[in-house]
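To be precise, the following lines are my_file_26.cif, and they hold mmCIF, C-alpha atoms.
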```cif
data_my_file
#
loop_
_atom_site.label_atom_id
_atom_site.label_comp_id
_atom_site.auth_asym_id
_atom_site.auth_seq_id
_atom_site.Cartn_x
_atom_site.Cartn_y
_atom_site.Cartn_z
CA MET A 1 -35.38 -14.41 -24.51
CA GLY A 2 -32.27 -14.12 -26.64
CA SER A 3 -31.50 -10.65 -25.40
CA SER A 4 -31.78 -11.61 -21.76
CA ALA A 5 -29.54 -14.59 -22.35
CA LYS A 6 -26.97 -12.35 -23.97
CA ASP A 7 -27.38 -9.97 -21.08
CA SER A 8 -26.55 -12.51 -18.47
CA ASN A 9 -23.71 -13.93 -20.54
CA SER A 10 -22.13 -10.53 -20.79
CA LYS A 11 -22.79 -10.03 -17.12
CA LEU A 12 -20.90 -13.24 -16.39
CA LYS A 13 -18.00 -12.04 -18.46
CA GLN A 14 -18.07 -8.63 -16.86
CA SER A 15 -18.06 -9.90 -13.34
CA ASN A 16 -14.79 -11.68 -13.88
CA ILE A 17 -13.62 -13.58 -10.90
CA SER A 18 -10.97 -11.44 -9.30
CA TYR A 19 -10.24 -12.50 -5.78
CA GLY A 20 -9.03 -9.60 -3.64
CA PRO A 21 -6.24 -11.33 -1.72
CA ASN A 22 -4.80 -12.76 -4.94
CA ILE A 23 -4.59 -9.37 -6.55
CA ARG A 24 -2.99 -8.03 -3.42
CA TYR A 25 -0.47 -10.86 -3.45
CA ASN A 26 0.42 -10.13 -7.06
CA SER A 27 0.85 -6.45 -6.44
CA THR A 28 3.13 -7.09 -3.48
CA LYS A 29 5.21 -9.37 -5.70
CA VAL A 30 5.42 -6.67 -8.35
CA THR A 31 6.37 -4.11 -5.72
CA TRP A 32 9.12 -6.42 -4.50
CA ILE A 33 10.53 -6.76 -8.01
CA HIS A 34 10.34 -3.01 -8.51
CA ASP A 35 12.17 -2.33 -5.26
CA LEU A 36 14.94 -4.74 -6.05
CA THR A 37 15.38 -3.56 -9.63
CA SER A 38 15.40 0.11 -8.68
CA LEU A 39 18.17 -0.52 -6.17
CA VAL A 40 20.15 -2.58 -8.67
CA ILE A 41 19.73 0.01 -11.40
CA GLY A 42 20.89 2.66 -8.93
CA VAL A 43 24.03 0.70 -8.13
CA THR A 44 24.84 0.07 -11.78
CA SER A 45 24.37 3.65 -12.82
CA GLY A 46 26.56 4.72 -9.91
CA ILE A 47 29.28 2.32 -10.94
CA LEU A 48 29.02 3.48 -14.54
CA LYS A 49 29.40 7.07 -13.24
CA LEU A 50 26.39 8.27 -15.17
CA GLU A 51 25.54 11.90 -14.58
CA SER A 52 22.37 13.99 -14.63
CA LEU A 53 19.94 13.23 -17.45
CA LEU A 54 21.80 10.15 -18.62
CA GLY A 55 21.20 8.47 -15.28
CA PHE A 56 17.48 9.14 -15.34
CA LEU A 57 17.24 7.89 -18.91
CA PHE A 58 19.11 4.76 -17.87
CA PHE A 59 16.63 4.27 -15.05
CA CYS A 60 13.58 4.78 -17.29
CA LEU A 61 14.96 2.40 -19.90
CA PHE A 62 15.62 -0.45 -17.50
CA TYR A 63 12.48 0.15 -15.50
CA SER A 64 10.39 -0.18 -18.64
CA LEU A 65 12.38 -3.22 -19.66
CA ILE A 66 11.65 -4.93 -16.35
CA ASN A 67 7.98 -4.06 -16.67
CA LEU A 68 7.96 -5.51 -20.15
CA PHE A 69 9.45 -8.74 -18.80
CA ILE A 70 6.84 -8.92 -16.04
CA TYR A 71 4.09 -8.34 -18.55
CA LEU A 72 5.44 -10.95 -20.95
CA SER A 73 5.86 -13.58 -18.28
CA VAL A 74 2.32 -13.08 -17.01
CA LYS A 75 1.02 -13.09 -20.55
CA THR A 76 2.74 -16.33 -21.46
CA TRP A 77 1.51 -17.94 -18.28
CA ILE A 78 -2.04 -16.89 -19.11
CA VAL A 79 -1.80 -18.11 -22.68
CA LYS A 80 -0.49 -21.45 -21.50
CA ASN A 81 -3.19 -21.94 -18.86
CA HIS A 82 -6.28 -20.31 -20.31
CA GLN A 83 -7.81 -20.29 -23.74
CA ASN A 84 -8.92 -16.73 -23.33
CA SER A 85 -5.84 -14.54 -23.47
CA ASN A 86 -7.40 -11.28 -22.32
CA LEU A 87 -7.39 -12.24 -18.69
CA PHE A 88 -4.66 -9.92 -17.49
CA THR A 89 -7.15 -7.98 -15.43
CA ASP A 90 -7.92 -11.11 -13.43
CA TYR A 91 -4.47 -11.00 -11.94
CA PHE A 92 -3.79 -7.27 -11.84
CA THR A 93 -6.14 -4.33 -11.59
CA SER A 94 -4.74 -2.73 -14.69
CA PHE A 95 -1.63 -3.23 -16.73
CA PHE A 96 -0.34 0.31 -17.00
CA ASN A 97 -1.36 1.43 -13.54
CA ASP A 98 0.07 -1.53 -11.67
CA LEU A 99 3.35 -1.76 -13.50
CA PHE A 100 4.23 1.86 -14.18
CA VAL A 101 2.33 4.26 -11.96
CA VAL A 102 1.87 2.81 -8.50
CA ASP A 103 5.48 2.19 -7.52
CA PHE A 104 7.13 4.84 -9.63
CA SER A 105 7.78 7.51 -7.02
CA LYS A 106 9.12 4.97 -4.56
CA SER A 107 11.32 3.33 -7.15
CA ILE A 108 12.79 6.56 -8.42
CA THR A 109 13.68 7.80 -4.95
CA SER A 110 15.40 4.57 -4.03
CA PHE A 111 17.16 4.63 -7.39
CA ILE A 112 18.44 8.14 -6.62
CA MET A 113 19.60 7.00 -3.22
CA MET A 114 21.64 4.08 -4.50
CA TRP A 115 22.90 6.12 -7.41
CA THR A 116 24.24 8.93 -5.23
CA LEU A 117 25.66 6.47 -2.73
CA THR A 118 27.67 4.42 -5.20
CA TYR A 119 28.59 7.52 -7.17
CA THR A 120 30.14 9.20 -4.16
CA LEU A 121 31.78 6.00 -2.97
CA ILE A 122 33.51 5.72 -6.32
CA GLU A 123 34.18 9.40 -7.01
CA THR A 124 35.81 10.42 -3.75
CA MET B 1 41.74 19.36 -15.64
CA THR B 2 41.78 19.72 -11.90
CA PRO B 3 38.68 18.80 -9.98
CA GLU B 4 36.53 21.52 -8.45
CA LEU B 5 36.76 20.18 -4.96
CA VAL B 6 38.62 17.30 -3.42
CA LEU B 7 36.87 15.50 -0.61
CA ASP B 8 38.56 13.45 2.03
CA PRO B 9 37.87 9.81 1.24
CA GLN B 10 37.48 9.14 4.95
CA LEU B 11 34.25 11.16 4.86
CA LYS B 12 32.32 8.36 3.26
CA TYR B 13 33.33 5.87 5.94
CA TRP B 14 32.70 8.21 8.85
CA VAL B 15 29.66 10.16 7.67
CA ILE B 16 27.73 8.65 4.81
CA LEU B 17 27.78 5.01 5.78
CA PRO B 18 27.00 5.64 9.46
CA ILE B 19 24.00 7.80 8.58
CA SER B 20 22.60 5.12 6.27
CA PHE B 21 23.27 2.39 8.79
CA VAL B 22 21.57 4.27 11.60
CA MET B 23 18.59 5.07 9.45
CA VAL B 24 18.11 1.48 8.33
CA MET B 25 18.39 0.28 11.91
CA PHE B 26 15.97 2.91 13.13
CA GLY B 27 13.50 1.92 10.45
CA ILE B 28 13.63 -1.73 11.47
CA LEU B 29 13.31 -0.84 15.14
CA ARG B 30 10.35 1.42 14.41
CA ARG B 31 8.70 -1.36 12.53
CA TYR B 32 8.95 -3.77 15.43
CA ILE B 33 7.83 -1.15 17.93
CA GLN B 34 4.81 -0.50 15.76
CA VAL B 35 4.01 -4.20 15.67
CA LEU B 36 4.24 -4.35 19.45
CA ILE B 37 2.00 -1.33 19.95
CA MET B 38 -0.60 -2.63 17.55
CA ALA B 39 -0.56 -6.06 19.12
CA ASP B 40 -1.17 -4.49 22.51
CA SER B 41 -4.33 -2.71 21.52
CA GLY B 42 -5.58 -5.48 19.28
CA GLY B 43 -8.02 -6.84 21.86
CA ASN B 44 -11.51 -6.63 20.44
CA GLU B 45 -14.72 -6.94 22.34
CA LEU B 46 -16.73 -9.99 21.50
CA VAL B 47 -19.81 -7.99 20.65
CA LYS B 48 -17.97 -5.69 18.28
CA LEU B 49 -16.37 -8.65 16.59
CA LYS B 50 -19.72 -10.36 16.17
CA GLN B 51 -21.26 -7.26 14.66
CA LYS B 52 -18.34 -6.83 12.30
CA THR B 53 -18.50 -10.38 11.06
CA LEU B 54 -22.24 -10.09 10.58
CA ILE B 55 -21.84 -7.00 8.43
CA GLY B 56 -19.10 -8.73 6.49
CA LYS B 57 -21.44 -11.63 5.95
CA CYS B 58 -24.16 -9.29 4.68
CA ARG B 59 -21.77 -7.75 2.22
CA ALA B 60 -20.65 -11.13 0.95
CA PHE B 61 -24.28 -12.13 0.62
CA ARG B 62 -25.15 -9.02 -1.36
CA LYS B 63 -22.28 -9.58 -3.70
CA ASN B 64 -22.69 -13.28 -4.30
CA CYS B 65 -26.42 -13.85 -3.89
CA PHE B 66 -26.84 -14.27 -7.62
CA ASN B 67 -25.32 -17.71 -7.34
CA LEU B 68 -28.10 -18.91 -5.04
CA ASN B 69 -31.38 -20.25 -6.22
CA SER B 70 -34.43 -18.33 -5.15
CA GLU B 71 -35.35 -20.66 -2.31
CA SER B 72 -32.03 -20.45 -0.52
CA PHE B 73 -31.77 -16.77 -1.31
CA LYS B 74 -35.01 -16.13 0.54
CA ARG B 75 -34.01 -18.34 3.42
CA ARG B 76 -30.70 -16.55 3.86
CA GLN B 77 -32.34 -13.18 3.53
CA GLU B 78 -34.72 -14.01 6.35
CA ILE B 79 -31.96 -15.28 8.59
CA LEU B 80 -29.91 -12.19 8.02
CA PHE B 81 -32.88 -9.95 8.74
CA LYS B 82 -33.53 -11.78 11.96
CA LEU B 83 -29.92 -11.56 13.08
CA LEU B 84 -29.62 -7.90 12.18
CA ASP B 85 -32.80 -7.06 14.05
CA GLU B 86 -31.58 -8.91 17.08
CA TYR B 87 -28.23 -7.17 17.07
CA ILE B 88 -29.79 -3.76 16.60
CA LYS B 89 -32.08 -4.35 19.54
CA GLU B 90 -29.13 -5.44 21.66
CA GLU B 91 -27.24 -2.35 20.63
CA ASP B 92 -30.26 -0.21 21.51
CA ASN B 93 -30.44 -1.73 24.95
CA ARG B 94 -26.77 -1.17 25.48
CA GLU B 95 -27.10 2.45 24.44
CA LYS B 96 -29.96 2.96 26.84
CA MET B 97 -27.91 1.48 29.66
CA LYS B 98 -25.05 3.74 28.79
CA GLY B 99 -27.34 6.72 28.40
CA SER B 100 -28.59 6.36 31.97
CA GLU B 101 -25.02 6.37 33.17
CA SER B 102 -23.74 9.32 31.23
CA GLN B 103 -25.08 11.73 28.66
CA MET B 104 -21.96 12.16 26.65
CA SER B 105 -22.50 11.68 22.94
CA ASN B 106 -19.31 13.25 21.66
CA PRO B 107 -17.50 10.66 19.55
CA LEU B 108 -14.22 11.74 21.11
CA PHE B 109 -15.30 10.44 24.47
CA GLU B 110 -16.69 7.10 23.44
CA PRO B 111 -14.41 4.29 24.51
CA GLY B 112 -14.09 2.83 21.03
CA GLY B 113 -13.46 6.20 19.47
CA LEU B 114 -10.76 6.99 21.96
CA ASP B 115 -9.11 3.67 21.31
CA SER B 116 -8.85 4.15 17.59
CA MET B 117 -7.69 7.73 18.06
CA MET B 118 -4.96 6.46 20.33
CA ASN B 119 -3.92 3.92 17.72
CA ILE B 120 -3.57 6.55 15.05
CA MET B 121 -1.67 8.79 17.41
CA LYS B 122 0.69 6.02 18.44
CA GLY B 123 1.42 5.23 14.82
CA ASN B 124 2.16 8.85 14.08
CA LEU B 125 4.37 9.19 17.12
CA ALA B 126 6.31 6.11 16.16
CA ASN B 127 6.90 7.77 12.82
CA TYR B 128 7.80 11.25 13.91
CA ILE B 129 9.89 10.84 17.01
CA PRO B 130 12.71 8.81 15.45
CA GLN B 131 12.81 11.10 12.44
CA THR B 132 13.25 14.23 14.49
CA VAL B 133 15.80 12.47 16.65
CA ILE B 134 17.87 11.36 13.67
CA MET B 135 17.60 14.74 12.00
CA GLY B 136 18.78 16.45 15.15
CA TRP B 137 21.63 14.00 15.42
CA VAL B 138 22.72 14.53 11.83
CA ASN B 139 22.48 18.29 12.22
CA TYR B 140 24.44 18.27 15.44
CA PHE B 141 27.16 15.83 14.51
CA PHE B 142 27.85 16.46 10.85
CA GLU B 143 27.12 20.11 10.41
CA GLY B 144 29.14 22.55 8.41
CA PHE B 145 31.01 20.55 5.81
CA ILE B 146 30.52 19.18 2.33
CA VAL B 147 30.08 15.44 2.34
CA MET B 148 29.25 14.33 -1.14
CA LYS B 149 28.66 15.23 -4.74
CA LEU B 150 25.29 14.50 -6.29
CA PRO B 151 25.40 13.00 -9.76
CA PHE B 152 22.74 15.39 -11.05
CA PRO B 153 22.53 19.18 -11.09
CA LEU B 154 19.92 21.05 -9.10
CA THR B 155 18.65 24.59 -9.24
CA ASN B 156 19.86 27.26 -6.84
CA ARG B 157 16.65 27.06 -4.95
CA PHE B 158 17.85 23.95 -3.13
CA LYS B 159 20.99 25.69 -1.96
CA THR B 160 19.61 26.80 1.39
CA MET B 161 18.22 23.39 2.14
CA LEU B 162 20.98 21.12 0.90
CA GLN B 163 24.01 23.29 1.72
CA ASN B 164 22.73 24.20 5.12
CA GLY B 165 25.48 25.71 7.26
CA ILE B 166 28.05 26.13 4.48
CA ARG B 167 28.77 29.74 3.73
CA THR B 168 29.90 29.70 0.12
CA ARG B 169 27.77 31.64 -2.26
CA ASP B 170 29.10 30.36 -5.56
CA LEU B 171 29.53 26.69 -4.88
CA ASP B 172 27.57 24.48 -7.26
CA VAL B 173 24.50 22.87 -5.69
CA LYS B 174 25.90 19.49 -6.69
CA TRP B 175 28.07 19.61 -3.59
CA VAL B 176 25.87 18.95 -0.63
CA SER B 177 26.13 18.57 3.12
CA SER B 178 25.15 15.66 5.30
CA ILE B 179 21.55 16.78 5.86
CA SER B 180 20.76 16.20 2.20
CA TRP B 181 22.07 12.66 2.42
CA TYR B 182 19.61 12.31 5.27
CA TYR B 183 16.78 13.53 3.06
CA VAL B 184 17.77 11.23 0.22
CA ASN B 185 17.81 8.34 2.65
CA LEU B 186 14.47 9.30 4.12
CA LEU B 187 12.84 9.06 0.72
CA GLY B 188 14.83 6.20 -0.73
CA LEU B 189 14.96 3.71 2.11
CA ARG B 190 11.34 2.67 1.80
CA SER B 191 12.12 -0.04 -0.70
CA VAL B 192 15.07 -1.23 1.35
CA TYR B 193 12.73 -1.70 4.30
CA ASN B 194 10.34 -3.54 2.06
CA LEU B 195 13.10 -5.91 0.95
CA LEU B 196 14.42 -6.42 4.47
CA LEU B 197 11.13 -6.91 6.24
CA ASN B 198 9.27 -8.52 3.44
CA ASP B 199 8.05 -12.06 3.85
CA SER B 200 6.20 -12.48 7.09
CA ASN B 201 5.47 -8.86 7.81
CA ILE B 202 3.34 -8.17 4.80
CA GLY B 203 0.88 -10.70 6.10
CA ASP B 204 0.92 -9.11 9.53
CA GLU B 205 0.26 -5.75 7.99
CA MET B 206 -2.71 -7.14 6.13
CA LEU B 207 -4.07 -8.50 9.38
CA MET B 208 -3.49 -5.23 11.08
CA ALA B 209 -5.19 -3.36 8.28
CA GLY B 210 -8.23 -3.18 10.50
CA ASN B 211 -6.46 -0.46 12.41
CA ILE B 212 -4.63 1.56 9.82
CA SER B 213 -5.75 2.64 6.40
CA PHE B 214 -2.43 2.79 4.65
CA GLY B 215 -1.77 3.91 1.10
CA GLY B 216 -1.80 0.42 -0.33
CA ASN B 217 -5.55 0.24 -0.23
CA ASN B 218 -6.34 2.08 -3.41
CA LYS B 219 -3.73 0.14 -5.26
CA THR B 220 -5.21 -3.19 -4.35
CA GLY B 221 -8.51 -2.12 -5.81
CA ASN B 222 -11.35 -4.13 -4.42
CA ASN B 223 -11.31 -4.77 -0.73
CA ASN B 224 -14.81 -6.07 -0.51
CA ASN B 225 -14.15 -9.00 1.78
CA GLY B 226 -15.64 -7.84 5.03
CA GLN B 227 -12.35 -8.03 6.95
CA GLN B 228 -11.47 -4.50 6.01
CA LEU B 229 -14.43 -3.17 7.90
CA GLN B 230 -13.31 -0.70 10.50
CA LEU B 231 -14.60 1.93 12.84
CA GLN B 232 -12.97 5.27 12.39
CA PRO B 233 -13.38 7.80 15.16
CA GLY B 234 -15.73 10.04 13.21
CA GLY B 235 -17.36 7.26 11.20
CA PRO B 236 -20.91 5.92 11.43
CA SER B 237 -21.83 3.77 14.37
CA MET B 238 -22.33 0.03 14.18
CA LYS B 239 -26.07 0.47 14.54
CA LYS B 240 -26.20 2.77 11.54
CA LEU B 241 -24.16 0.30 9.51
CA MET B 242 -26.47 -2.55 10.40
CA GLU B 243 -29.58 -0.53 9.57
CA ASN B 244 -28.01 0.31 6.24
CA GLU B 245 -27.37 -3.37 5.61
CA ILE B 246 -31.05 -4.15 6.18
CA GLU B 247 -32.01 -1.56 3.59
CA ASN B 248 -29.40 -2.82 1.16
CA ILE B 249 -30.49 -6.41 1.47
CA LYS B 250 -34.10 -5.39 1.00
CA ILE B 251 -33.45 -3.65 -2.28
CA ILE B 252 -31.31 -6.32 -3.94
CA GLN B 253 -32.57 -6.88 -7.46
CA TYR B 254 -32.25 -10.58 -7.23
CA GLN B 255 -32.04 -12.72 -10.30
CA PHE B 256 -30.65 -16.22 -10.30
CA ASP B 257 -27.64 -16.41 -12.55
CA LEU B 258 -28.45 -19.90 -13.77
CA ASN B 259 -31.98 -19.15 -14.97
CA ASP B 260 -32.61 -20.93 -18.24
CA ILE B 261 -29.07 -22.17 -18.23
CA GLU B 262 -29.84 -25.07 -20.55
CA LYS B 263 -31.17 -22.80 -23.25
CA ARG B 264 -28.33 -20.40 -22.90
CA VAL B 265 -25.71 -23.10 -23.16
CA LEU B 266 -27.38 -24.48 -26.27
CA GLU B 267 -27.58 -21.03 -27.78
CA TYR B 268 -23.99 -20.31 -26.93
CA TYR B 269 -22.77 -23.36 -28.80
CA ASP B 270 -25.28 -22.81 -31.65
CA CYS B 271 -27.03 -26.12 -31.28
#
```

Here is the file; what I need is its structure written in the form of structure tokens.
Amino acid sequence: MGSSAKDSNSKLKQSNISYGPNIRYNSTKVTWIHDLTSLVIGVTSGILKLESLLGFLFFCLFYSLINLFIYLSVKTWIVKNHQNSNLFTDYFTSFFNDLFVVDFSKSITSFIMMWTLTYTLIET
Amino acid sequence: MTPELVLDPQLKYWVILPISFVMVMFGILRRYIQVLIMADSGGNELVKLKQKTLIGKCRAFRKNCFNLNSESFKRRQEILFKLLDEYIKEEDNREKMKGSESQMSNPLFEPGGLDSMMNIMKGNLANYIPQTVIMGWVNYFFEGFIVMKLPFPLTNRFKTMLQNGIRTRDLDVKWVSSISWYYVNLLGLRSVYNLLLNDSNIGDEMLMAGNISFGGNNKTGNNNNGQQLQLQPGGPSMKKLMENEIENIKIIQYQFDLNDIEKRVLEYYDC
């Protein structure tokens, strides 16, 4: 009896309630933030006249920083509203994948675009 | 230190900005054209719609049936079986009718298959035509001169692509012609479109997702709410899907989630 009870309890925990549209909404929000930040980082690094590797490092640094802020804000919201603080997967499919991997190629290309644009506008 | 090359500052106003502007405008236009095309072919037959919703219902049932007690589980199971049987019979009849008219069984020639093929083709056309047009325009108008300096070095391999039409062997690849600004825009403008067309259109896209399977699907993870159900040209027929659903519902290993809930709650709190 005890084992089956444990079984179904763990099953309840496993089948955490993640509602598809909500997750989609969150990921579109994150994509929006990523788009905006990549453009802004591109403009700043163009204005600062960063060149070659320095520019990419600048991008990586601020991109990670933004992701950290997103993570922290979600985390604090969860801690405030739920007792259980390991609920990040209820709102996003996975922390690393959603914040770093999915939008990366898109963000870096738009960063390069804004970077080259502002760089040439200022240089010439 | 004298600079390697001095570019006319007027270049940026007369080449770079116009190219970006035109590309952004083309992107927005393409988006609205796509919406119009999709809206045109959005008409769904009543029967198809009914079948789709039924299959969606079956999926929802399979996923959530553990919240039902055994009595209502059985009742729902029976109802679903009855409905599925009915629909399959209807579909059979329809196929027979069709079969007497024509013997074609090639999926390419089925009306539904052709429709979805057309949709995919229209989407692709809406993507490719403007791109070739813009590329031709850029190549024709702004060929043969250096426009800008990239802030990062590239290997010599890119020379043929990015310095297209400039006959200097030793010039650093940093200096590029207008076609490379086109490429950079092509890749980088996606997020600009997203920012410009964001609010209402995302929802539209989600509604339209029945027609296109775009890259966002794997990122969103679970799309198990029956809306996403779609018929691809080469995919299984509705009848097959419904027969599968019958099998699936038959083999559910049903167990009520709230069995012995009192005991489990007491155990959980160590009473």

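CA of Leu36 in chain A to CA of Phe59 in chain A spans 12.8 Å [interatomic distance, one decimal].
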
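Going from CA of Gly136 in chain B over to CA of Lys159 in chain B, you cover 19.6 Å.
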
Next on the checklist: To one decimal place in Å, what is the distance between CA of Thr44 in chain A and CA of Asp98 in chain A?
Outcome noted: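 So the two atoms, CA of Thr44 in chain A and CA of Asp98 in chain A, lie 24.8 Å apart.
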
Item to check | Using all atoms listed in the file: which of B:Asp270, B:Asp8, B:Glu95, B:Glu45 has the shortest distance to chain A | outcome: B:Asp8

Next on the checklist: As a check of understanding, name the residues that the PyMOL selection byres ((chain A) within 8 of (chain B)) selects in the supplied structure, as a ChimeraX atom specification.
Outcome noted: /A:5,8,20,23-24,27,32,35-36,49-53,93,98,102,106-113,115-116,119-121,124

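Residues selected in this file by the PyMOL selection byres ((chain B and resi 85-94) around 10) comprise Val47, Lys50, Gln51, Leu54, Ile79, Leu80, Phe81, Lys82, Leu83, Leu84, Glu95, Lys96, Met97, Lys98, Gly99, Met238, Lys239, Lys240, Leu241, Met242, Glu243 and Ile246 of chain B.
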
Checklist entry - If you count all atoms listed in the file, which residues fall within 8 Å of His34 in chain A, apart from same-chain ones fewer than 4 positions away, as a PyMOL selection string? => result chain A and resi 30+38+63+103+107
